[in-house]
>>> print(open('structure_20.pdb').read())   # PDB, C-alpha atoms and all ligand atoms
ATOM      1  CA  MET V   1       8.361  -7.258  -1.387  1.00  0.00           C
ATOM      2  CA  ALA V   2       6.645  -8.381  -4.579  1.00  0.00           C
ATOM      3  CA  ASN V   3       8.694 -10.299  -7.100  1.00  0.00           C
ATOM      4  CA  THR V   4      10.154  -8.095  -9.839  1.00  0.00           C
ATOM      5  CA  MET V   5      10.840 -10.727 -12.500  1.00  0.00           C
ATOM      6  CA  ASN V   6       7.803  -9.855 -14.633  1.00  0.00           C
ATOM      7  CA  ASN V   7       5.895  -6.776 -15.701  1.00  0.00           C
ATOM      8  CA  ARG V   8       2.585  -7.655 -14.081  1.00  0.00           C
ATOM      9  CA  ARG V   9       1.335  -4.781 -11.960  1.00  0.00           C
ATOM     10  CA  PRO V  10       0.867  -5.959  -8.365  1.00  0.00           C
ATOM     11  CA  MET V  11      -2.618  -5.767  -6.942  1.00  0.00           C
ATOM     12  CA  VAL V  12      -4.169  -5.972  -3.506  1.00  0.00           C
ATOM     13  CA  ALA V  13      -7.946  -6.169  -3.223  1.00  0.00           C
ATOM     14  CA  GLY V  14      -9.757  -5.836   0.088  1.00  0.00           C
ATOM     15  CA  ASN V  15     -12.933  -7.928   0.296  1.00  0.00           C
ATOM     16  CA  TRP V  16     -14.930  -6.504   3.162  1.00  0.00           C
ATOM     17  CA  LYS V  17     -17.631  -9.178   2.805  1.00  0.00           C
ATOM     18  CA  MET V  18     -20.674  -8.141   4.900  1.00  0.00           C
ATOM     19  CA  ASN V  19     -18.575  -6.022   7.275  1.00  0.00           C
ATOM     20  CA  GLY V  20     -17.740  -2.390   7.832  1.00  0.00           C
ATOM     21  CA  ASN V  21     -19.641   0.856   8.230  1.00  0.00           C
ATOM     22  CA  LEU V  22     -19.375   4.513   7.202  1.00  0.00           C
ATOM     23  CA  ASP V  23     -16.728   5.091   9.826  1.00  0.00           C
ATOM     24  CA  LEU V  24     -14.490   2.452   8.249  1.00  0.00           C
ATOM     25  CA  VAL V  25     -15.095   3.956   4.800  1.00  0.00           C
ATOM     26  CA  ASN V  26     -13.686   7.264   6.019  1.00  0.00           C
ATOM     27  CA  LYS V  27     -10.728   5.683   7.799  1.00  0.00           C
ATOM     28  CA  MET V  28      -9.722   3.602   4.768  1.00  0.00           C
ATOM     29  CA  GLN V  29     -10.249   6.472   2.410  1.00  0.00           C
ATOM     30  CA  ASP V  30      -7.690   8.556   4.297  1.00  0.00           C
ATOM     31  CA  GLY V  31      -5.128   5.789   4.504  1.00  0.00           C
ATOM     32  CA  ILE V  32      -5.348   4.513   0.963  1.00  0.00           C
ATOM     33  CA  GLY V  33      -5.349   7.850  -0.813  1.00  0.00           C
ATOM     34  CA  ASN V  34      -1.578   8.015  -0.246  1.00  0.00           C
ATOM     35  CA  LEU V  35      -0.998   4.664  -1.898  1.00  0.00           C
ATOM     36  CA  ALA V  36      -2.636   5.760  -5.140  1.00  0.00           C
ATOM     37  CA  LYS V  37       0.596   7.061  -6.621  1.00  0.00           C
ATOM     38  CA  GLN V  38       2.493   3.843  -5.998  1.00  0.00           C
ATOM     39  CA  ASP V  39       3.163   1.104  -8.448  1.00  0.00           C
ATOM     40  CA  LEU V  40       0.289  -1.157  -7.504  1.00  0.00           C
ATOM     41  CA  ASP V  41      -3.487  -1.389  -7.789  1.00  0.00           C
ATOM     42  CA  VAL V  42      -5.310  -1.175  -4.486  1.00  0.00           C
ATOM     43  CA  VAL V  43      -8.960  -2.134  -4.845  1.00  0.00           C
ATOM     44  CA  ILE V  44     -11.605  -1.907  -2.131  1.00  0.00           C
ATOM     45  CA  CYS V  45     -14.652  -4.156  -2.444  1.00  0.00           C
ATOM     46  CA  PRO V  46     -17.038  -2.955   0.278  1.00  0.00           C
ATOM     47  CA  PRO V  47     -20.686  -3.949   0.619  1.00  0.00           C
ATOM     48  CA  SER V  48     -22.337  -2.228  -2.352  1.00  0.00           C
ATOM     49  CA  VAL V  49     -24.368   0.134  -0.177  1.00  0.00           C
ATOM     50  CA  TYR V  50     -21.094   1.873   0.778  1.00  0.00           C
ATOM     51  CA  LEU V  51     -19.654   2.249  -2.723  1.00  0.00           C
ATOM     52  CA  GLN V  52     -20.919   5.778  -3.173  1.00  0.00           C
ATOM     53  CA  ALA V  53     -19.412   6.945   0.086  1.00  0.00           C
ATOM     54  CA  PHE V  54     -15.893   6.436  -1.338  1.00  0.00           C
ATOM     55  CA  ASP V  55     -13.999   9.047  -3.276  1.00  0.00           C
ATOM     56  CA  LYS V  56     -13.287   7.295  -6.563  1.00  0.00           C
ATOM     57  CA  GLN V  57     -10.534   9.718  -7.501  1.00  0.00           C
ATOM     58  CA  SER V  58      -8.104   8.294  -4.997  1.00  0.00           C
ATOM     59  CA  LEU V  59      -8.792   4.552  -5.087  1.00  0.00           C
ATOM     60  CA  LEU V  60     -10.159   1.699  -7.164  1.00  0.00           C
ATOM     61  CA  LEU V  61     -13.492   0.171  -6.252  1.00  0.00           C
ATOM     62  CA  GLY V  62     -14.949  -3.265  -6.850  1.00  0.00           C
ATOM     63  CA  GLY V  63     -18.199  -5.083  -6.189  1.00  0.00           C
ATOM     64  CA  GLN V  64     -18.358  -8.420  -4.335  1.00  0.00           C
ATOM     65  CA  ASP V  65     -20.720 -10.103  -6.800  1.00  0.00           C
ATOM     66  CA  ILE V  66     -23.074  -9.362  -9.686  1.00  0.00           C
ATOM     67  CA  SER V  67     -26.219 -10.827 -11.116  1.00  0.00           C
ATOM     68  CA  GLU V  68     -25.932 -12.669 -14.404  1.00  0.00           C
ATOM     69  CA  TYR V  69     -28.631 -10.275 -15.669  1.00  0.00           C
ATOM     70  CA  ASN V  70     -28.308  -6.585 -16.460  1.00  0.00           C
ATOM     71  CA  GLU V  71     -31.754  -5.617 -15.120  1.00  0.00           C
ATOM     72  CA  GLY V  72     -35.159  -7.018 -14.372  1.00  0.00           C
ATOM     73  CA  ALA V  73     -37.254  -8.734 -11.721  1.00  0.00           C
ATOM     74  CA  HIS V  74     -34.423 -10.084  -9.538  1.00  0.00           C
ATOM     75  CA  THR V  75     -35.091  -8.806  -6.048  1.00  0.00           C
ATOM     76  CA  GLY V  76     -31.972  -8.134  -4.016  1.00  0.00           C
ATOM     77  CA  ASP V  77     -29.538  -8.517  -6.908  1.00  0.00           C
ATOM     78  CA  ILE V  78     -27.161  -5.921  -8.337  1.00  0.00           C
ATOM     79  CA  SER V  79     -26.040  -5.722 -11.956  1.00  0.00           C
ATOM     80  CA  ALA V  80     -22.629  -5.113 -13.474  1.00  0.00           C
ATOM     81  CA  ARG V  81     -24.068  -2.053 -15.169  1.00  0.00           C
ATOM     82  CA  MET V  82     -25.055  -0.586 -11.783  1.00  0.00           C
ATOM     83  CA  LEU V  83     -21.596  -1.185 -10.306  1.00  0.00           C
ATOM     84  CA  LYS V  84     -20.075   0.457 -13.358  1.00  0.00           C
ATOM     85  CA  GLU V  85     -22.340   3.469 -12.980  1.00  0.00           C
ATOM     86  CA  LEU V  86     -21.135   3.900  -9.390  1.00  0.00           C
ATOM     87  CA  GLY V  87     -17.515   3.974 -10.538  1.00  0.00           C
ATOM     88  CA  CYS V  88     -16.435   0.365  -9.958  1.00  0.00           C
ATOM     89  CA  ARG V  89     -13.663  -0.989 -12.142  1.00  0.00           C
ATOM     90  CA  PHE V  90     -13.641  -4.528 -10.717  1.00  0.00           C
ATOM     91  CA  VAL V  91     -16.017  -7.174  -9.418  1.00  0.00           C
ATOM     92  CA  ILE V  92     -15.331 -10.392  -7.519  1.00  0.00           C
ATOM     93  CA  VAL V  93     -17.099 -13.391  -9.056  1.00  0.00           C
ATOM     94  CA  GLY V  94     -17.210 -16.961  -7.805  1.00  0.00           C
ATOM     95  CA  HIS V  95     -16.080 -16.285  -4.253  1.00  0.00           C
ATOM     96  CA  SER V  96     -16.339 -19.556  -2.337  1.00  0.00           C
ATOM     97  CA  GLU V  97     -18.889 -17.988   0.027  1.00  0.00           C
ATOM     98  CA  ARG V  98     -21.123 -17.240  -2.976  1.00  0.00           C
ATOM     99  CA  ARG V  99     -20.508 -20.715  -4.353  1.00  0.00           C
ATOM    100  CA  SER V 100     -21.522 -22.339  -1.053  1.00  0.00           C
ATOM    101  CA  ASP V 101     -24.130 -19.909   0.389  1.00  0.00           C
ATOM    102  CA  HIS V 102     -25.862 -19.331  -2.950  1.00  0.00           C
ATOM    103  CA  HIS V 103     -25.111 -22.599  -4.727  1.00  0.00           C
ATOM    104  CA  GLU V 104     -23.244 -20.904  -7.563  1.00  0.00           C
ATOM    105  CA  SER V 105     -21.950 -23.378 -10.134  1.00  0.00           C
ATOM    106  CA  ASN V 106     -18.821 -23.102 -12.268  1.00  0.00           C
ATOM    107  CA  GLU V 107     -21.106 -22.349 -15.215  1.00  0.00           C
ATOM    108  CA  LEU V 108     -22.921 -19.510 -13.424  1.00  0.00           C
ATOM    109  CA  VAL V 109     -19.601 -18.010 -12.323  1.00  0.00           C
ATOM    110  CA  ALA V 110     -18.463 -18.123 -15.954  1.00  0.00           C
ATOM    111  CA  VAL V 111     -21.599 -16.282 -17.092  1.00  0.00           C
ATOM    112  CA  LYS V 112     -21.012 -13.624 -14.431  1.00  0.00           C
ATOM    113  CA  ALA V 113     -17.411 -13.177 -15.598  1.00  0.00           C
ATOM    114  CA  ARG V 114     -18.620 -12.723 -19.176  1.00  0.00           C
ATOM    115  CA  VAL V 115     -21.335 -10.244 -18.173  1.00  0.00           C
ATOM    116  CA  ALA V 116     -18.803  -8.252 -16.134  1.00  0.00           C
ATOM    117  CA  LEU V 117     -16.483  -7.980 -19.148  1.00  0.00           C
ATOM    118  CA  GLU V 118     -19.359  -6.981 -21.417  1.00  0.00           C
ATOM    119  CA  GLN V 119     -20.150  -4.127 -19.048  1.00  0.00           C
ATOM    120  CA  GLY V 120     -16.539  -2.975 -18.793  1.00  0.00           C
ATOM    121  CA  LEU V 121     -15.705  -4.406 -15.365  1.00  0.00           C
ATOM    122  CA  THR V 122     -12.650  -6.552 -14.682  1.00  0.00           C
ATOM    123  CA  PRO V 123     -13.816  -9.771 -13.018  1.00  0.00           C
ATOM    124  CA  ILE V 124     -11.684 -11.105 -10.174  1.00  0.00           C
ATOM    125  CA  VAL V 125     -12.506 -14.787 -10.621  1.00  0.00           C
ATOM    126  CA  CYS V 126     -12.075 -16.850  -7.451  1.00  0.00           C
ATOM    127  CA  VAL V 127     -11.052 -20.490  -7.604  1.00  0.00           C
ATOM    128  CA  GLY V 128      -9.854 -22.819  -4.889  1.00  0.00           C
ATOM    129  CA  GLU V 129     -10.399 -26.192  -3.294  1.00  0.00           C
ATOM    130  CA  PRO V 130     -11.932 -27.411  -0.044  1.00  0.00           C
ATOM    131  CA  LEU V 131      -9.719 -29.323   2.392  1.00  0.00           C
ATOM    132  CA  SER V 132     -11.141 -32.714   1.345  1.00  0.00           C
ATOM    133  CA  VAL V 133      -9.971 -32.139  -2.229  1.00  0.00           C
ATOM    134  CA  ARG V 134      -6.492 -31.148  -1.074  1.00  0.00           C
ATOM    135  CA  GLU V 135      -6.283 -34.197   1.164  1.00  0.00           C
ATOM    136  CA  ALA V 136      -7.348 -36.386  -1.751  1.00  0.00           C
ATOM    137  CA  GLY V 137      -4.527 -34.925  -3.851  1.00  0.00           C
ATOM    138  CA  GLN V 138      -6.924 -33.503  -6.450  1.00  0.00           C
ATOM    139  CA  VAL V 139      -6.237 -29.782  -6.219  1.00  0.00           C
ATOM    140  CA  PHE V 140      -5.101 -29.321  -9.817  1.00  0.00           C
ATOM    141  CA  ASP V 141      -8.062 -31.193 -11.312  1.00  0.00           C
ATOM    142  CA  TYR V 142     -10.497 -29.254  -9.164  1.00  0.00           C
ATOM    143  CA  VAL V 143      -9.022 -25.859  -9.986  1.00  0.00           C
ATOM    144  CA  ALA V 144      -8.671 -26.776 -13.680  1.00  0.00           C
ATOM    145  CA  ALA V 145     -12.410 -27.502 -13.879  1.00  0.00           C
ATOM    146  CA  GLN V 146     -13.183 -24.124 -12.316  1.00  0.00           C
ATOM    147  CA  LEU V 147     -10.831 -22.389 -14.753  1.00  0.00           C
ATOM    148  CA  ASP V 148     -12.066 -24.285 -17.810  1.00  0.00           C
ATOM    149  CA  ALA V 149     -15.644 -23.185 -17.212  1.00  0.00           C
ATOM    150  CA  VAL V 150     -14.541 -19.553 -17.115  1.00  0.00           C
ATOM    151  CA  ILE V 151     -12.230 -19.857 -20.128  1.00  0.00           C
ATOM    152  CA  GLN V 152     -15.084 -21.393 -22.080  1.00  0.00           C
ATOM    153  CA  GLY V 153     -17.581 -18.827 -20.813  1.00  0.00           C
ATOM    154  CA  VAL V 154     -15.610 -15.698 -21.637  1.00  0.00           C
ATOM    155  CA  GLY V 155     -13.899 -17.057 -24.777  1.00  0.00           C
ATOM    156  CA  SER V 156     -10.173 -17.484 -25.227  1.00  0.00           C
ATOM    157  CA  THR V 157      -9.695 -13.970 -26.659  1.00  0.00           C
ATOM    158  CA  GLN V 158     -10.906 -12.436 -23.400  1.00  0.00           C
ATOM    159  CA  ILE V 159      -8.768 -14.365 -20.923  1.00  0.00           C
ATOM    160  CA  SER V 160      -6.175 -11.613 -20.695  1.00  0.00           C
ATOM    161  CA  GLN V 161      -8.881  -9.312 -19.298  1.00  0.00           C
ATOM    162  CA  LEU V 162      -9.393 -11.418 -16.178  1.00  0.00           C
ATOM    163  CA  VAL V 163      -7.810 -11.383 -12.755  1.00  0.00           C
ATOM    164  CA  ILE V 164      -7.723 -14.799 -11.063  1.00  0.00           C
ATOM    165  CA  ALA V 165      -7.730 -15.222  -7.286  1.00  0.00           C
ATOM    166  CA  TYR V 166      -6.579 -18.561  -5.887  1.00  0.00           C
ATOM    167  CA  GLU V 167      -8.340 -18.951  -2.549  1.00  0.00           C
ATOM    168  CA  PRO V 168      -8.072 -22.384  -0.931  1.00  0.00           C
ATOM    169  CA  ILE V 169     -11.284 -22.670   1.073  1.00  0.00           C
ATOM    170  CA  TRP V 170      -9.508 -24.182   4.081  1.00  0.00           C
ATOM    171  CA  ALA V 171      -7.412 -21.009   4.345  1.00  0.00           C
ATOM    172  CA  ILE V 172     -10.264 -18.479   4.183  1.00  0.00           C
ATOM    173  CA  GLY V 173     -10.989 -16.843   7.518  1.00  0.00           C
ATOM    174  CA  THR V 174      -9.199 -19.608   9.411  1.00  0.00           C
ATOM    175  CA  GLY V 175      -5.929 -17.841  10.217  1.00  0.00           C
ATOM    176  CA  LYS V 176      -4.228 -20.782   8.481  1.00  0.00           C
ATOM    177  CA  SER V 177      -2.810 -19.386   5.256  1.00  0.00           C
ATOM    178  CA  ALA V 178      -1.381 -21.582   2.538  1.00  0.00           C
ATOM    179  CA  SER V 179       2.402 -21.655   2.779  1.00  0.00           C
ATOM    180  CA  PRO V 180       4.221 -19.606   0.135  1.00  0.00           C
ATOM    181  CA  GLU V 181       5.256 -22.884  -1.525  1.00  0.00           C
ATOM    182  CA  GLN V 182       1.703 -24.251  -1.572  1.00  0.00           C
ATOM    183  CA  ALA V 183       0.451 -20.980  -3.064  1.00  0.00           C
ATOM    184  CA  GLN V 184       3.212 -20.862  -5.683  1.00  0.00           C
ATOM    185  CA  ASP V 185       2.561 -24.469  -6.637  1.00  0.00           C
ATOM    186  CA  VAL V 186      -1.083 -23.791  -7.512  1.00  0.00           C
ATOM    187  CA  HIS V 187      -0.432 -20.336  -9.021  1.00  0.00           C
ATOM    188  CA  HIS V 188       2.149 -21.871 -11.321  1.00  0.00           C
ATOM    189  CA  PHE V 189      -0.322 -24.577 -12.298  1.00  0.00           C
ATOM    190  CA  ILE V 190      -3.007 -21.937 -13.011  1.00  0.00           C
ATOM    191  CA  ARG V 191      -0.642 -19.966 -15.245  1.00  0.00           C
ATOM    192  CA  LYS V 192       0.423 -23.096 -17.121  1.00  0.00           C
ATOM    193  CA  HIS V 193      -3.185 -24.182 -17.534  1.00  0.00           C
ATOM    194  CA  ILE V 194      -4.202 -20.800 -18.942  1.00  0.00           C
ATOM    195  CA  ALA V 195      -1.210 -20.943 -21.297  1.00  0.00           C
ATOM    196  CA  LYS V 196      -2.809 -23.924 -23.013  1.00  0.00           C
ATOM    197  CA  ALA V 197      -5.618 -21.583 -24.112  1.00  0.00           C
ATOM    198  CA  ASP V 198      -3.551 -18.411 -24.627  1.00  0.00           C
ATOM    199  CA  GLU V 199       0.143 -18.221 -23.884  1.00  0.00           C
ATOM    200  CA  ALA V 200       0.458 -14.441 -24.003  1.00  0.00           C
ATOM    201  CA  ALA V 201      -2.549 -14.008 -21.718  1.00  0.00           C
ATOM    202  CA  ALA V 202      -1.040 -16.478 -19.255  1.00  0.00           C
ATOM    203  CA  SER V 203       2.164 -14.516 -18.825  1.00  0.00           C
ATOM    204  CA  GLY V 204       0.299 -11.222 -18.377  1.00  0.00           C
ATOM    205  CA  ILE V 205      -2.628 -12.295 -16.222  1.00  0.00           C
ATOM    206  CA  ARG V 206      -2.560 -11.383 -12.559  1.00  0.00           C
ATOM    207  CA  ILE V 207      -3.101 -14.229 -10.109  1.00  0.00           C
ATOM    208  CA  LEU V 208      -3.853 -13.122  -6.548  1.00  0.00           C
ATOM    209  CA  TYR V 209      -3.587 -15.314  -3.477  1.00  0.00           C
ATOM    210  CA  GLY V 210      -6.370 -15.174  -0.884  1.00  0.00           C
ATOM    211  CA  GLY V 211      -6.871 -16.949   2.433  1.00  0.00           C
ATOM    212  CA  SER V 212      -5.713 -15.524   5.785  1.00  0.00           C
ATOM    213  CA  VAL V 213      -3.304 -13.021   4.252  1.00  0.00           C
ATOM    214  CA  ASN V 214      -1.992 -10.719   6.958  1.00  0.00           C
ATOM    215  CA  ALA V 215       0.806  -8.211   7.467  1.00  0.00           C
ATOM    216  CA  ALA V 216       3.146 -10.927   8.734  1.00  0.00           C
ATOM    217  CA  ASN V 217       2.771 -13.435   5.873  1.00  0.00           C
ATOM    218  CA  ALA V 218       2.089 -11.133   2.907  1.00  0.00           C
ATOM    219  CA  GLY V 219       5.732 -10.485   2.048  1.00  0.00           C
ATOM    220  CA  ALA V 220       6.665 -14.145   1.681  1.00  0.00           C
ATOM    221  CA  LEU V 221       3.497 -14.968  -0.260  1.00  0.00           C
ATOM    222  CA  PHE V 222       3.852 -12.022  -2.652  1.00  0.00           C
ATOM    223  CA  ALA V 223       7.533 -12.817  -3.252  1.00  0.00           C
ATOM    224  CA  GLN V 224       6.568 -16.027  -5.077  1.00  0.00           C
ATOM    225  CA  ALA V 225       7.141 -15.930  -8.820  1.00  0.00           C
ATOM    226  CA  ASP V 226       3.490 -16.447  -9.810  1.00  0.00           C
ATOM    227  CA  VAL V 227       1.803 -14.567  -6.957  1.00  0.00           C
ATOM    228  CA  ASP V 228       0.894 -11.074  -8.138  1.00  0.00           C
ATOM    229  CA  GLY V 229      -0.768  -9.797  -4.986  1.00  0.00           C
ATOM    230  CA  GLY V 230      -3.612 -10.704  -2.675  1.00  0.00           C
ATOM    231  CA  LEU V 231      -7.339 -10.846  -2.121  1.00  0.00           C
ATOM    232  CA  VAL V 232      -7.649  -9.962   1.533  1.00  0.00           C
ATOM    233  CA  GLY V 233     -10.693 -10.511   3.746  1.00  0.00           C
ATOM    234  CA  GLY V 234     -10.403 -10.044   7.508  1.00  0.00           C
ATOM    235  CA  ALA V 235      -7.192  -8.033   7.408  1.00  0.00           C
ATOM    236  CA  SER V 236      -8.705  -5.554   4.929  1.00  0.00           C
ATOM    237  CA  LEU V 237     -10.917  -4.258   7.749  1.00  0.00           C
ATOM    238  CA  LYS V 238      -7.937  -3.042   9.783  1.00  0.00           C
ATOM    239  CA  LYS V 239      -6.415   0.043   8.245  1.00  0.00           C
ATOM    240  CA  ASP V 240      -2.821  -0.312   9.427  1.00  0.00           C
ATOM    241  CA  GLU V 241      -2.681  -3.998   8.665  1.00  0.00           C
ATOM    242  CA  PHE V 242      -4.183  -3.520   5.213  1.00  0.00           C
ATOM    243  CA  LEU V 243      -1.730  -0.739   4.418  1.00  0.00           C
ATOM    244  CA  ALA V 244       1.152  -2.962   5.511  1.00  0.00           C
ATOM    245  CA  ILE V 245      -0.118  -5.717   3.185  1.00  0.00           C
ATOM    246  CA  CYS V 246      -0.288  -3.200   0.338  1.00  0.00           C
ATOM    247  CA  GLN V 247       3.284  -2.121   1.062  1.00  0.00           C
ATOM    248  CA  ALA V 248       4.381  -5.751   0.900  1.00  0.00           C
ATOM    249  CA  ALA V 249       2.989  -5.960  -2.648  1.00  0.00           C
ATOM    250  CA  ASN V 250       4.593  -2.767  -3.829  1.00  0.00           C
TER
HETATM  251  P1  LIG V 301      -9.590 -13.918   4.663  1.00  0.00           P
HETATM  252  O1  LIG V 301     -10.628 -13.909   3.426  1.00  0.00           O
HETATM  253  O2  LIG V 301      -8.453 -13.013   4.264  1.00  0.00           O
HETATM  254  O3  LIG V 301     -10.376 -13.391   5.826  1.00  0.00           O
HETATM  255  O4  LIG V 301      -9.143 -15.313   4.842  1.00  0.00           O
HETATM  256  C1  LIG V 301     -10.176 -13.919   2.112  1.00  0.00           C
HETATM  257  C2  LIG V 301     -11.358 -13.936   1.188  1.00  0.00           C
HETATM  258  O5  LIG V 301     -12.342 -14.622   1.469  1.00  0.00           O
HETATM  259  O6  LIG V 301     -11.336 -13.277   0.127  1.00  0.00           O
END
>>> encode(input="structure_20.pdb", output="structure tokens")
Amino acid sequence: MANTMNNRRPMVAGNWKMNGNLDLVNKMQDGIGNLAKQDLDVVICPPSVYLQAFDKQSLLLGGQDISEYNEGAHTGDISARMLKELGCRFVIVGHSERRSDHHESNELVAVKARVALEQGLTPIVCVGEPLSVREAGQVFDYVAAQLDAVIQGVGSTQISQLVIAYEPIWAIGTGKSASPEQAQDVHHFIRKHIAKADEAAASGIRILYGGSVNAANAGALFAQADVDGGLVGGASLKKDEFLAICQAAN
């Protein structure tokens, strides 16, 4: 059960990564349509080639990344404008797999967040540390640097338009989620850090937890005071499990 001490609308986003097929689109579509009336945002971020196969009336759609450009000679890239045209409301930027596979810097992630906002998409900005940084006791500094780049890139007046996802890299796809206390600790830090730039934005901004969220651990994670839902990878590919995670956020 999500915490009820604030008026932030809970959110669960499913990041399919490079998984899924048309069959899964149809299965999810059926299951999630019923959740649409509930008091939470359920967002599906499939590979972009499947976006058009979804019925946008019954669910929210997001992209997994965007180019920093709106158009041009950038083979293989997809622009915010294109995602918007296909009915997306959200886009993930700065996922750790993009940061590592495609060498995306904090500065590039910040530009992508700004471009998303300019095109009317809500960026879900991912931050989070590798295990070595946690073991060195430098989580807050590491996450602060990631946040500062984005705050600077979008401008302090735009912070309230963002969604932040805290995804410790050591928890992604490993089956080893952060404990609810570890998640709350960093989420609280993120909210306090954002408050230095804009206090009102900090209390309203949604901060999702990501990293091995499943039906069994979602309730305890989402019950934390500063955890407003989840960014779910592997478990978003299993309809019943994903629906159970959504129920835990509701
Ligand atoms: P996971 O992925 O739930 O499979 O750990 C989360 C993510 O990478 O967004």
>>> atom_distance(input="structure_20.pdb", atom1="CA of Asp101 in chain V", atom2="CA of Val43 in chain V")
23.9 Å
>>> axis_aligned_box(input="structure_20.pdb", around="ligand LIG 301 (chain V)", padding_each_side="4 Å", output="lines of an AutoDock Vina configuration file")
center_x = -10.4
center_y = -14.2
center_z = 3.0
size_x = 11.9
size_y = 10.3
size_z = 13.7
>>> residues_around(input="structure_20.pdb", residues="range 91-96 of chain V", least_positions_apart="2", cutoff="6 Å", atoms="all atoms listed in the file", output="ChimeraX atom specification")
/V:62-65,98-99,109,123-126
>>> atom_distance(input="structure_20.pdb", atom1="CA of Met28 in chain V", atom2="CA of Ser67 in chain V")
27.1 Å
>>> atom_distance(input="structure_20.pdb", atom1="CA of Val213 in chain V", atom2="CA of Tyr142 in chain V")
22.3 Å
>>> closest_atom_pairs(input="structure_20.pdb", of="range 15-40 of chain V", to="range 241-247 of chain V", cutoff="12 Å", atoms="all atoms listed in the file", output="JSON lines")
{"residue": "V:Asn15", "atom": "CA", "partner": "V:Phe242", "partner_atom": "CA", "distance": 11.0}
{"residue": "V:Trp16", "atom": "CA", "partner": "V:Phe242", "partner_atom": "CA", "distance": 11.3}
{"residue": "V:Lys27", "atom": "CA", "partner": "V:Leu243", "partner_atom": "CA", "distance": 11.6}
{"residue": "V:Met28", "atom": "CA", "partner": "V:Phe242", "partner_atom": "CA", "distance": 9.0}
{"residue": "V:Gln29", "atom": "CA", "partner": "V:Leu243", "partner_atom": "CA", "distance": 11.3}
{"residue": "V:Asp30", "atom": "CA", "partner": "V:Leu243", "partner_atom": "CA", "distance": 11.0}
{"residue": "V:Gly31", "atom": "CA", "partner": "V:Leu243", "partner_atom": "CA", "distance": 7.4}
{"residue": "V:Ile32", "atom": "CA", "partner": "V:Leu243", "partner_atom": "CA", "distance": 7.3}
{"residue": "V:Gly33", "atom": "CA", "partner": "V:Leu243", "partner_atom": "CA", "distance": 10.7}
{"residue": "V:Asn34", "atom": "CA", "partner": "V:Leu243", "partner_atom": "CA", "distance": 9.9}
{"residue": "V:Leu35", "atom": "CA", "partner": "V:Cys246", "partner_atom": "CA", "distance": 8.2}
{"residue": "V:Ala36", "atom": "CA", "partner": "V:Cys246", "partner_atom": "CA", "distance": 10.8}
{"residue": "V:Gln38", "atom": "CA", "partner": "V:Gln247", "partner_atom": "CA", "distance": 9.3}
{"residue": "V:Asp39", "atom": "CA", "partner": "V:Gln247", "partner_atom": "CA", "distance": 10.0}
{"residue": "V:Leu40", "atom": "CA", "partner": "V:Cys246", "partner_atom": "CA", "distance": 8.1}
>>> resolve_selection(input="structure_20.pdb", expression="the PyMOL selection byres (((not hetatm)) within 6 of (chain V and resi 301))", output="PDB file with C-alpha atoms, in the coordinates of the input")
ATOM      1  CA  ASN V  15     -12.933  -7.928   0.296  1.00  0.00           C
ATOM      2  CA  ALA V 171      -7.412 -21.009   4.345  1.00  0.00           C
ATOM      3  CA  ILE V 172     -10.264 -18.479   4.183  1.00  0.00           C
ATOM      4  CA  GLY V 173     -10.989 -16.843   7.518  1.00  0.00           C
ATOM      5  CA  GLY V 210      -6.370 -15.174  -0.884  1.00  0.00           C
ATOM      6  CA  GLY V 211      -6.871 -16.949   2.433  1.00  0.00           C
ATOM      7  CA  SER V 212      -5.713 -15.524   5.785  1.00  0.00           C
ATOM      8  CA  VAL V 213      -3.304 -13.021   4.252  1.00  0.00           C
ATOM      9  CA  LEU V 231      -7.339 -10.846  -2.121  1.00  0.00           C
ATOM     10  CA  VAL V 232      -7.649  -9.962   1.533  1.00  0.00           C
ATOM     11  CA  GLY V 233     -10.693 -10.511   3.746  1.00  0.00           C
ATOM     12  CA  GLY V 234     -10.403 -10.044   7.508  1.00  0.00           C
TER      13      GLY V 234
END
>>> residues_around(input="structure_20.pdb", residues="Trp170 in chain V", least_positions_apart="2", cutoff="8 Å", atoms="all atoms listed in the file", output="list in words")
Glu129, Pro130, Leu131, Pro168, Ile172, Thr174, Lys176 and Gly211 of chain V
>>> resolve_selection(input="structure_20.pdb", expression="the PyMOL selection byres (((chain V and resi 185) around 12) and not hetatm)", output="PyMOL selection string")
chain V and resi 139-140+166+178-184+186-192+209+221+224-227
>>> closest_residue(input="structure_20.pdb", among="V:His102, V:Glu71, V:Glu107, V:Ile159", to="Thr122 in chain V", atoms="only C-alpha atoms")
V:Ile159
>>> residues_around(input="structure_20.pdb", residues="Ser203 in chain V", least_positions_apart="5", cutoff="10 Å", atoms="all atoms listed in the file", output="VMD selection string")
chain V and resid 6 to 8 160 191 to 192 194 to 195 198 226
>>> closest_residue(input="structure_20.pdb", among="V:Gly230, V:Pro10, V:Gly120, V:Gly72", to="Lys84 in chain V", atoms="only C-alpha atoms")
V:Gly120
>>> residues_around(input="structure_20.pdb", residues="Ala149 in chain V", least_positions_apart="3", cutoff="12 Å", atoms="all atoms listed in the file", output="list in words")
Gly94, Ser105, Asn106, Glu107, Leu108, Val109, Ala110, Val111, Lys112, Ala113, Arg114, Val125, Val127, Tyr142, Val143, Ala144, Ala145, Gln146, Gln152, Gly153, Val154, Gly155, Ser156, Ile159 and Ile194 of chain V
>>> residues_around(input="structure_20.pdb", residues="range 46-61 of chain V", least_positions_apart="5", cutoff="8 Å", atoms="only C-alpha atoms", output="MDAnalysis selection string")
chainID V and resid 14:22 25:26 29 32:33 36 41 86:90
